[in-house]
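Have a look at input_0.tsv; it's TSV, C-alpha atoms:
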chain	number	residue	atom	x	y	z
A	1	MET	CA	0.00	0.00	0.00
A	2	ARG	CA	2.79	2.39	0.95
A	3	ARG	CA	4.58	1.64	-2.36
A	4	LEU	CA	1.38	2.41	-4.25
A	5	LEU	CA	1.08	5.77	-2.47
A	6	HIS	CA	4.66	6.64	-3.48
A	7	ASN	CA	3.85	6.15	-7.17
A	8	PRO	CA	1.95	9.27	-8.34
A	9	ALA	CA	1.10	7.72	-11.75
A	10	ILE	CA	-0.77	4.79	-10.15
A	11	VAL	CA	-2.55	7.13	-7.74
A	12	TRP	CA	-3.52	9.38	-10.66
A	13	LEU	CA	-5.02	6.39	-12.53
A	14	CYS	CA	-6.97	5.37	-9.41
A	15	LEU	CA	-8.31	8.94	-9.09
A	16	LEU	CA	-9.38	8.99	-12.75
A	17	ALA	CA	-11.09	5.61	-12.36
A	18	ALA	CA	-12.95	6.78	-9.23
A	19	THR	CA	-14.08	9.94	-11.06
A	20	PHE	CA	-15.48	7.98	-14.01
A	21	ILE	CA	-17.17	5.54	-11.60
A	22	SER	CA	-18.88	8.50	-9.83
A	23	VAL	CA	-20.23	9.93	-13.08
A	24	GLU	CA	-21.30	6.55	-14.49
A	25	PHE	CA	-22.93	5.64	-11.18
A	26	ILE	CA	-25.17	8.70	-11.36
A	27	ARG	CA	-25.95	8.11	-15.05
A	28	ARG	CA	-26.85	4.44	-14.75
A	29	TRP	CA	-28.35	4.09	-11.28
A	30	VAL	CA	-31.62	5.43	-9.96
A	31	PRO	CA	-30.77	8.74	-8.24
A	32	GLY	CA	-31.47	8.82	-4.54
A	33	ASN	CA	-29.95	8.89	-1.10
A	34	PHE	CA	-27.90	5.76	-1.74
A	35	ALA	CA	-26.37	7.30	-4.87
A	36	MET	CA	-25.54	10.47	-2.94
A	37	ALA	CA	-23.85	8.44	-0.19
A	38	VAL	CA	-21.79	6.53	-2.77
A	39	ILE	CA	-20.59	9.58	-4.71
A	40	MET	CA	-19.72	11.52	-1.55
A	41	ALA	CA	-17.86	8.49	-0.14
A	42	LEU	CA	-15.92	8.34	-3.42
A	43	ALA	CA	-15.19	12.09	-3.16
A	44	ALA	CA	-13.87	11.66	0.41
A	45	ALA	CA	-11.81	8.62	-0.66
A	46	LYS	CA	-10.29	10.58	-3.57
A	47	ALA	CA	-9.50	13.55	-1.29
A	48	THR	CA	-7.83	11.18	1.20
A	49	LEU	CA	-5.78	9.61	-1.61
A	50	VAL	CA	-4.66	13.05	-2.87
A	51	ALA	CA	-3.68	14.08	0.67
A	52	TRP	CA	-1.87	10.81	1.47
A	53	SER	CA	-0.01	10.51	-1.81
A	54	PHE	CA	0.32	13.88	-3.59
A	55	MET	CA	0.50	15.97	-0.39
A	56	GLY	CA	2.81	13.38	1.19
A	57	LEU	CA	0.75	12.96	4.35
A	58	ALA	CA	1.27	9.18	4.32
A	59	SER	CA	4.58	9.79	6.05
A	60	ALA	CA	3.34	12.71	8.17
A	61	PRO	CA	2.69	12.43	11.94
A	62	LEU	CA	-0.51	10.61	12.88
A	63	ALA	CA	-2.15	13.79	14.20
A	64	TRP	CA	-1.99	15.43	10.75
A	65	ARG	CA	-3.44	12.35	9.07
A	66	ILE	CA	-6.29	12.18	11.59
A	67	ALA	CA	-7.03	15.90	11.13
A	68	PHE	CA	-7.20	15.65	7.33
A	69	ALA	CA	-9.12	12.35	7.24
A	70	THR	CA	-11.64	13.64	9.82
A	71	LEU	CA	-12.20	16.78	7.77
A	72	PHE	CA	-12.85	14.88	4.52
A	73	TRP	CA	-15.00	12.09	5.92
A	74	LEU	CA	-16.92	14.24	8.39
A	75	GLY	CA	-17.60	16.76	5.59
A	76	ALA	CA	-18.85	14.02	3.27
A	77	ALA	CA	-20.98	12.51	6.05
A	78	MET	CA	-22.50	15.92	6.84
A	79	ILE	CA	-23.45	16.40	3.16
A	80	VAL	CA	-25.05	12.92	3.00
A	81	VAL	CA	-26.96	13.35	6.28
A	82	LEU	CA	-28.31	16.76	5.26
A	83	GLY	CA	-29.17	15.31	1.83
A	84	VAL	CA	-31.08	12.42	3.40
A	85	LEU	CA	-32.94	14.77	5.75
A	86	GLY	CA	-33.88	16.97	2.79
B	1	MET	CA	20.60	34.37	13.55
B	2	THR	CA	23.11	31.53	13.18
B	3	PRO	CA	23.06	29.16	10.18
B	4	ASP	CA	21.94	26.39	12.56
B	5	THR	CA	18.90	28.41	13.56
B	6	VAL	CA	18.01	28.95	9.90
B	7	ALA	CA	18.29	25.21	9.19
B	8	ILE	CA	15.91	24.44	12.05
B	9	ALA	CA	13.42	27.14	11.08
B	10	ARG	CA	13.05	26.04	7.40
B	11	PRO	CA	10.87	22.93	7.85
B	12	ALA	CA	8.34	24.97	9.86
B	13	ALA	CA	6.99	26.34	6.54
B	14	LEU	CA	5.29	23.00	5.85
B	15	PRO	CA	3.18	22.77	9.00
B	16	GLY	CA	2.30	26.44	8.42
B	17	ILE	CA	0.75	25.80	5.03
B	18	ALA	CA	-0.87	22.62	6.39
B	19	VAL	CA	-2.66	24.65	9.07
B	20	PHE	CA	-3.88	27.08	6.41
B	21	ILE	CA	-5.05	24.14	4.24
B	22	ILE	CA	-7.00	22.58	7.13
B	23	ALA	CA	-8.64	25.94	7.93
B	24	ASP	CA	-9.49	26.63	4.28
B	25	ILE	CA	-10.99	23.20	3.65
B	26	ALA	CA	-12.95	23.46	6.92
B	27	SER	CA	-14.38	26.81	5.76
B	28	PHE	CA	-15.51	25.24	2.49
B	29	MET	CA	-17.04	22.30	4.39
B	30	LEU	CA	-19.11	24.80	6.40
B	31	PHE	CA	-20.23	26.44	3.12
B	32	PHE	CA	-21.22	22.99	1.83
B	33	GLY	CA	-23.25	22.50	5.02
B	34	VAL	CA	-25.07	25.79	4.38
B	35	PHE	CA	-25.69	24.71	0.76
B	36	MET	CA	-27.16	21.38	1.89
B	37	SER	CA	-29.36	22.99	4.54
B	38	GLU	CA	-30.71	25.40	1.89
B	39	ARG	CA	-31.23	22.39	-0.39
B	40	MET	CA	-33.39	20.78	2.32
B	41	GLN	CA	-35.96	23.56	1.76
B	42	ALA	CA	-36.23	22.97	-1.99
B	43	ALA	CA	-34.54	19.75	-3.16
B	44	PRO	CA	-36.52	19.41	-6.44
B	45	ALA	CA	-35.76	23.04	-7.41
B	46	PHE	CA	-32.06	22.52	-6.70
B	47	ALA	CA	-32.04	19.33	-8.80
B	48	ALA	CA	-33.83	21.14	-11.65
B	49	SER	CA	-31.27	23.95	-11.60
B	50	ALA	CA	-28.37	21.49	-11.38
B	51	SER	CA	-29.65	19.74	-14.50
B	52	ARG	CA	-28.82	22.96	-16.41
B	53	LEU	CA	-25.11	22.46	-15.64
B	54	ASP	CA	-22.94	20.63	-18.15
B	55	VAL	CA	-21.64	17.47	-16.42
B	56	GLY	CA	-19.16	17.00	-19.31
B	57	LEU	CA	-17.47	20.32	-18.55
B	58	GLY	CA	-17.35	19.54	-14.82
B	59	LEU	CA	-15.87	16.12	-15.57
B	60	ALA	CA	-13.30	17.64	-17.97
B	61	ASN	CA	-12.23	20.11	-15.28
B	62	THR	CA	-11.94	17.30	-12.71
B	63	LEU	CA	-9.68	15.30	-15.05
B	64	ILE	CA	-7.59	18.42	-15.78
B	65	LEU	CA	-7.12	19.12	-12.07
B	66	LEU	CA	-6.17	15.54	-11.27
B	67	THR	CA	-3.70	15.46	-14.18
B	68	SER	CA	-2.14	18.76	-13.17
B	69	GLY	CA	-1.84	17.51	-9.57
B	70	TRP	CA	-0.15	14.33	-10.79
B	71	CYS	CA	2.37	16.35	-12.85
B	72	LEU	CA	3.18	18.44	-9.78
B	73	ALA	CA	3.62	15.30	-7.64
B	74	GLU	CA	6.04	13.97	-10.29
B	75	ALA	CA	7.92	17.31	-10.25
B	76	GLU	CA	8.28	17.10	-6.48
B	77	ARG	CA	9.44	13.47	-6.64
B	78	ARG	CA	12.13	14.30	-9.21
B	79	HIS	CA	13.29	17.56	-7.65
B	80	HIS	CA	16.36	16.21	-5.83
B	81	ALA	CA	17.49	13.68	-8.47
B	82	SER	CA	16.91	15.81	-11.56
B	83	PRO	CA	15.96	19.48	-11.10
B	84	ALA	CA	15.69	19.94	-14.89
B	85	ALA	CA	13.12	17.13	-15.17
B	86	ALA	CA	11.26	18.58	-12.19
B	87	GLN	CA	11.06	21.93	-13.97
B	88	ARG	CA	9.63	20.25	-17.08
B	89	TRP	CA	6.93	18.53	-14.99
B	90	LEU	CA	6.18	21.85	-13.29
B	91	ARG	CA	5.66	23.57	-16.64
B	92	VAL	CA	3.38	20.74	-17.83
B	93	ALA	CA	1.40	21.04	-14.56
B	94	TRP	CA	0.94	24.77	-15.21
B	95	ILE	CA	-0.06	24.34	-18.87
B	96	VAL	CA	-2.56	21.56	-18.07
B	97	GLY	CA	-3.86	23.63	-15.15
B	98	ALA	CA	-4.43	26.64	-17.42
B	99	LEU	CA	-7.02	24.58	-19.34
B	100	PHE	CA	-9.18	24.57	-16.20
B	101	VAL	CA	-9.40	28.38	-16.24
B	102	LEU	CA	-10.25	28.42	-19.96
B	103	ILE	CA	-13.06	25.90	-19.51
B	104	LYS	CA	-14.38	27.72	-16.44
B	105	VAL	CA	-14.43	31.09	-18.22
B	106	TRP	CA	-16.14	29.47	-21.23
B	107	GLU	CA	-18.71	27.87	-18.91
B	108	TYR	CA	-19.41	31.18	-17.15
B	109	ARG	CA	-19.81	32.89	-20.52
B	110	GLU	CA	-22.22	30.20	-21.69
B	111	LYS	CA	-24.29	30.42	-18.50
B	112	LEU	CA	-24.45	34.22	-18.60
B	113	SER	CA	-25.47	34.16	-22.27
B	114	MET	CA	-28.34	31.83	-21.28
B	115	GLY	CA	-29.42	34.43	-18.72
B	116	ILE	CA	-28.22	32.34	-15.77
B	117	THR	CA	-26.74	34.74	-13.21
B	118	PRO	CA	-26.10	34.55	-9.45
B	119	ALA	CA	-29.54	36.15	-9.02
B	120	THR	CA	-31.36	33.43	-11.01
B	121	ASP	CA	-32.06	31.25	-7.96
B	122	THR	CA	-30.47	30.01	-4.73
B	123	PHE	CA	-28.71	27.10	-6.45
B	124	PHE	CA	-26.98	29.38	-8.93
B	125	THR	CA	-26.04	31.84	-6.19
B	126	PHE	CA	-24.19	28.95	-4.53
B	127	TYR	CA	-22.84	27.79	-7.92
B	128	TYR	CA	-21.23	31.16	-8.65
B	129	VAL	CA	-19.97	31.63	-5.07
B	130	PHE	CA	-18.43	28.13	-4.80
B	131	THR	CA	-16.90	28.04	-8.27
B	132	GLY	CA	-15.85	31.72	-8.06
B	133	LEU	CA	-14.09	31.24	-4.70
B	134	HIS	CA	-12.49	28.08	-6.04
B	135	LEU	CA	-11.36	29.94	-9.17
B	136	LEU	CA	-9.74	32.64	-7.00
B	137	HIS	CA	-7.85	29.91	-5.11
B	138	TYR	CA	-6.95	28.38	-8.46
B	139	ILE	CA	-5.56	31.61	-9.91
B	140	ALA	CA	-3.47	32.10	-6.72
B	141	GLY	CA	-2.18	28.54	-7.18
B	142	MET	CA	-1.29	29.17	-10.82
B	143	THR	CA	0.63	32.30	-9.79
B	144	ILE	CA	2.57	30.25	-7.21
B	145	LEU	CA	3.31	27.57	-9.86
B	146	ALA	CA	4.45	30.24	-12.33
B	147	LEU	CA	6.85	31.65	-9.71
B	148	LEU	CA	8.17	28.15	-8.98
B	149	THR	CA	8.90	27.57	-12.68
B	150	ARG	CA	10.96	30.78	-12.67
B	151	ARG	CA	13.51	29.68	-10.12
B	152	ARG	CA	15.20	33.08	-10.02
B	153	PHE	CA	12.14	34.47	-8.20
B	154	VAL	CA	12.54	31.99	-5.35
B	155	ARG	CA	15.50	31.85	-2.94
B	156	GLN	CA	17.54	28.85	-4.00
B	157	ASP	CA	18.47	27.73	-0.47
B	158	GLY	CA	14.83	27.26	0.39
B	159	TYR	CA	13.50	26.17	-3.01
B	160	ALA	CA	12.58	22.63	-1.88
B	161	GLY	CA	10.46	24.07	0.93
B	162	TRP	CA	8.72	26.51	-1.42
B	163	LEU	CA	8.06	23.71	-3.88
B	164	ARG	CA	6.62	21.51	-1.11
B	165	SER	CA	4.37	24.29	0.22
B	166	GLY	CA	3.27	25.39	-3.28
B	167	ALA	CA	2.47	21.79	-4.22
B	168	MET	CA	0.46	21.27	-1.03
B	169	TYR	CA	-1.55	24.41	-1.80
B	170	TRP	CA	-2.20	23.19	-5.36
B	171	HIS	CA	-3.37	19.79	-4.11
B	172	MET	CA	-5.70	21.57	-1.67
B	173	VAL	CA	-7.32	23.28	-4.68
B	174	ASP	CA	-7.74	19.76	-6.19
B	175	VAL	CA	-9.36	18.50	-3.00
B	176	LEU	CA	-11.85	21.38	-2.88
B	177	TRP	CA	-12.93	20.66	-6.46
B	178	LEU	CA	-13.32	16.94	-5.65
B	179	PHE	CA	-16.17	17.98	-3.32
B	180	ILE	CA	-17.58	20.84	-5.43
B	181	PHE	CA	-17.95	18.64	-8.53
B	182	PRO	CA	-20.33	16.01	-7.06
B	183	LEU	CA	-22.11	18.59	-4.92
B	184	LEU	CA	-23.06	20.85	-7.86
B	185	TYR	CA	-22.74	18.81	-11.05
B	186	LEU	CA	-23.77	15.37	-9.79
B	187	GLN	CA	-26.65	16.74	-7.75
B	188	VAL	CA	-29.05	13.90	-7.01
B	189	THR	CA	-32.66	14.11	-5.96
B	190	ALA	CA	-33.71	12.48	-2.72
Could the structure of this file be written out as structure tokens, please?
Amino acid sequence: MRRLLHNPAIVWLCLLAATFISVEFIRRWVPGNFAMAVIMALAAAKATLVAWSFMGLASAPLAWRIAFATLFWLGAAMIVVLGVLG
Amino acid sequence: MTPDTVAIARPAALPGIAVFIIADIASFMLFFGVFMSERMQAAPAFAASASRLDVGLGLANTLILLTSGWCLAEAERRHHASPAAAQRWLRVAWIVGALFVLIKVWEYREKLSMGITPATDTFFTFYYVFTGLHLLHYIAGMTILALLTRRRFVRQDGYAGWLRSGAMYWHMVDVLWLFIFPLLYLQVTA
């Protein structure tokens, strides 16, 4: 996993794949709360991957990684919860 | 200040930009919360307005941002072994990144010509505010990248630190778009 994070080309391909999956998911599946949860989870996963690999946080102190991951996943969860309530 | 003190002070630039990045992303997350709470009042109207956005253009901009971010990561990786190669990757990152601005300006022009302005409805107010704020961040990032490609503008003894901080800022702009794109362009109805 660590070797994968140190190879920006592989990370870039994973990010492109996740982006296409998000768009295709919305196009092919019935829109709804489940779709929103999936695309926001993918957005948070992509943001985490960018931070870990491109920003180099994979080798940063644990506190930094927790702060960034919390921000991304809590933000995505907030969007999904407010979307479900709406 | 002794040379030893300078050597110790240099790495502090990275945590500094990281604190700014955390604060900036947190601010955007709060904006997204406001957007979603407004959406709770009128989800069908938001979905109808979102359907007027061009998903293809949003997708193209996402791919451009990710590609530019990858080029910058490659530049950073090669910086110590081959500064010349790093400079080439930096220039490619800037050129690819410039496409984002062109597409965004074209998209704004198209929307305005269709009579879609920030005053059209609440969704488009948020659309212009989010994408406009992001574009301002983006232009600041492009200026930083342009300065990094002209090494004479940056002190050589601290170039690696400037490159690291500039790259982190650029990736933050990527991260913001990764949330803005599904929130606005892939808007789904509950």
Enumerate, in order of chain and increasing residue number, the residues of chain A with an atom no farther than 10 Å from chain B, each with its shortest atom pair and distance in Å to one decimal, counting all atoms listed in the file, as JSON lines.
{"residue": "A:His6", "atom": "CA", "partner": "B:Arg77", "partner_atom": "CA", "distance": 8.9}
{"residue": "A:Asn7", "atom": "CA", "partner": "B:Glu74", "partner_atom": "CA", "distance": 8.7}
{"residue": "A:Pro8", "atom": "CA", "partner": "B:Trp70", "partner_atom": "CA", "distance": 6.0}
{"residue": "A:Ala9", "atom": "CA", "partner": "B:Trp70", "partner_atom": "CA", "distance": 6.8}
{"residue": "A:Ile10", "atom": "CA", "partner": "B:Trp70", "partner_atom": "CA", "distance": 9.6}
{"residue": "A:Val11", "atom": "CA", "partner": "B:Trp70", "partner_atom": "CA", "distance": 8.2}
{"residue": "A:Trp12", "atom": "CA", "partner": "B:Trp70", "partner_atom": "CA", "distance": 6.0}
{"residue": "A:Leu13", "atom": "CA", "partner": "B:Leu66", "partner_atom": "CA", "distance": 9.3}
{"residue": "A:Leu15", "atom": "CA", "partner": "B:Leu66", "partner_atom": "CA", "distance": 7.3}
{"residue": "A:Leu16", "atom": "CA", "partner": "B:Leu63", "partner_atom": "CA", "distance": 6.7}
{"residue": "A:Thr19", "atom": "CA", "partner": "B:Thr62", "partner_atom": "CA", "distance": 7.8}
{"residue": "A:Phe20", "atom": "CA", "partner": "B:Leu59", "partner_atom": "CA", "distance": 8.3}
{"residue": "A:Ser22", "atom": "CA", "partner": "B:Pro182", "partner_atom": "CA", "distance": 8.1}
{"residue": "A:Val23", "atom": "CA", "partner": "B:Leu186", "partner_atom": "CA", "distance": 7.3}
{"residue": "A:Phe25", "atom": "CA", "partner": "B:Leu186", "partner_atom": "CA", "distance": 9.9}
{"residue": "A:Ile26", "atom": "CA", "partner": "B:Leu186", "partner_atom": "CA", "distance": 7.0}
{"residue": "A:Arg27", "atom": "CA", "partner": "B:Leu186", "partner_atom": "CA", "distance": 9.2}
{"residue": "A:Val30", "atom": "CA", "partner": "B:Val188", "partner_atom": "CA", "distance": 9.3}
{"residue": "A:Pro31", "atom": "CA", "partner": "B:Val188", "partner_atom": "CA", "distance": 5.6}
{"residue": "A:Gly32", "atom": "CA", "partner": "B:Ala190", "partner_atom": "CA", "distance": 4.7}
{"residue": "A:Asn33", "atom": "CA", "partner": "B:Ala190", "partner_atom": "CA", "distance": 5.4}
{"residue": "A:Phe34", "atom": "CA", "partner": "B:Ala190", "partner_atom": "CA", "distance": 8.9}
{"residue": "A:Ala35", "atom": "CA", "partner": "B:Val188", "partner_atom": "CA", "distance": 7.4}
{"residue": "A:Met36", "atom": "CA", "partner": "B:Val188", "partner_atom": "CA", "distance": 6.4}
{"residue": "A:Ile39", "atom": "CA", "partner": "B:Pro182", "partner_atom": "CA", "distance": 6.9}
{"residue": "A:Met40", "atom": "CA", "partner": "B:Pro182", "partner_atom": "CA", "distance": 7.1}
{"residue": "A:Leu42", "atom": "CA", "partner": "B:Leu178", "partner_atom": "CA", "distance": 9.3}
{"residue": "A:Ala43", "atom": "CA", "partner": "B:Leu178", "partner_atom": "CA", "distance": 5.8}
{"residue": "A:Ala44", "atom": "CA", "partner": "B:Phe179", "partner_atom": "CA", "distance": 7.7}
{"residue": "A:Ala45", "atom": "CA", "partner": "B:Leu178", "partner_atom": "CA", "distance": 9.8}
{"residue": "A:Lys46", "atom": "CA", "partner": "B:Leu178", "partner_atom": "CA", "distance": 7.3}
{"residue": "A:Ala47", "atom": "CA", "partner": "B:Val175", "partner_atom": "CA", "distance": 5.2}
{"residue": "A:Thr48", "atom": "CA", "partner": "B:Val175", "partner_atom": "CA", "distance": 8.6}
{"residue": "A:Leu49", "atom": "CA", "partner": "B:Val175", "partner_atom": "CA", "distance": 9.7}
{"residue": "A:Val50", "atom": "CA", "partner": "B:His171", "partner_atom": "CA", "distance": 7.0}
{"residue": "A:Ala51", "atom": "CA", "partner": "B:His171", "partner_atom": "CA", "distance": 7.5}
{"residue": "A:Ser53", "atom": "CA", "partner": "B:Ala73", "partner_atom": "CA", "distance": 8.4}
{"residue": "A:Phe54", "atom": "CA", "partner": "B:Ala73", "partner_atom": "CA", "distance": 5.4}
{"residue": "A:Met55", "atom": "CA", "partner": "B:Met168", "partner_atom": "CA", "distance": 5.3}
{"residue": "A:Gly56", "atom": "CA", "partner": "B:Met168", "partner_atom": "CA", "distance": 8.5}
{"residue": "A:Leu57", "atom": "CA", "partner": "B:Met168", "partner_atom": "CA", "distance": 9.9}
{"residue": "A:Trp64", "atom": "CA", "partner": "B:Ala18", "partner_atom": "CA", "distance": 8.5}
{"residue": "A:Ala67", "atom": "CA", "partner": "B:Ile22", "partner_atom": "CA", "distance": 7.8}
{"residue": "A:Phe68", "atom": "CA", "partner": "B:Ile22", "partner_atom": "CA", "distance": 6.9}
{"residue": "A:Leu71", "atom": "CA", "partner": "B:Ala26", "partner_atom": "CA", "distance": 6.8}
{"residue": "A:Phe72", "atom": "CA", "partner": "B:Met29", "partner_atom": "CA", "distance": 8.5}
{"residue": "A:Leu74", "atom": "CA", "partner": "B:Met29", "partner_atom": "CA", "distance": 9.0}
{"residue": "A:Gly75", "atom": "CA", "partner": "B:Met29", "partner_atom": "CA", "distance": 5.7}
{"residue": "A:Ala76", "atom": "CA", "partner": "B:Phe179", "partner_atom": "CA", "distance": 8.1}
{"residue": "A:Met78", "atom": "CA", "partner": "B:Gly33", "partner_atom": "CA", "distance": 6.9}
{"residue": "A:Ile79", "atom": "CA", "partner": "B:Met36", "partner_atom": "CA", "distance": 6.3}
{"residue": "A:Val80", "atom": "CA", "partner": "B:Met36", "partner_atom": "CA", "distance": 8.8}
{"residue": "A:Val81", "atom": "CA", "partner": "B:Met36", "partner_atom": "CA", "distance": 9.2}
{"residue": "A:Leu82", "atom": "CA", "partner": "B:Met36", "partner_atom": "CA", "distance": 5.8}
{"residue": "A:Gly83", "atom": "CA", "partner": "B:Met36", "partner_atom": "CA", "distance": 6.4}
{"residue": "A:Val84", "atom": "CA", "partner": "B:Ala190", "partner_atom": "CA", "distance": 6.7}
{"residue": "A:Leu85", "atom": "CA", "partner": "B:Met40", "partner_atom": "CA", "distance": 6.9}
{"residue": "A:Gly86", "atom": "CA", "partner": "B:Met40", "partner_atom": "CA", "distance": 3.9}
Would you compute the distance between atom CA of Leu145 of chain B and atom CA of Trp94 of chain B? Give it in Å to one decimal.
6.5 Å
Rounded to one decimal, what separation in Å do you get between atom CA of Tyr138 of chain B and atom CA of Lys104 of chain B?
10.9 Å
Residue neighbourhood segment 118-122 of chain B, 8 Å, all atoms listed in the file, exclusion window fewer than 5 positions, as a list in words
Phe46, Tyr127 and Tyr128 of chain B
Could you tell me how far atom CA of Ile64 of chain B lies from atom CA of Ala17 of chain A, in Å and to one decimal?
13.7 Å
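Among the candidate residues B:Thr131, B:Trp106, B:Gly161, B:Trp89, the one lying nearest to Gly16 of chain B is B:Gly161, with distances computed using all atoms listed in the file.
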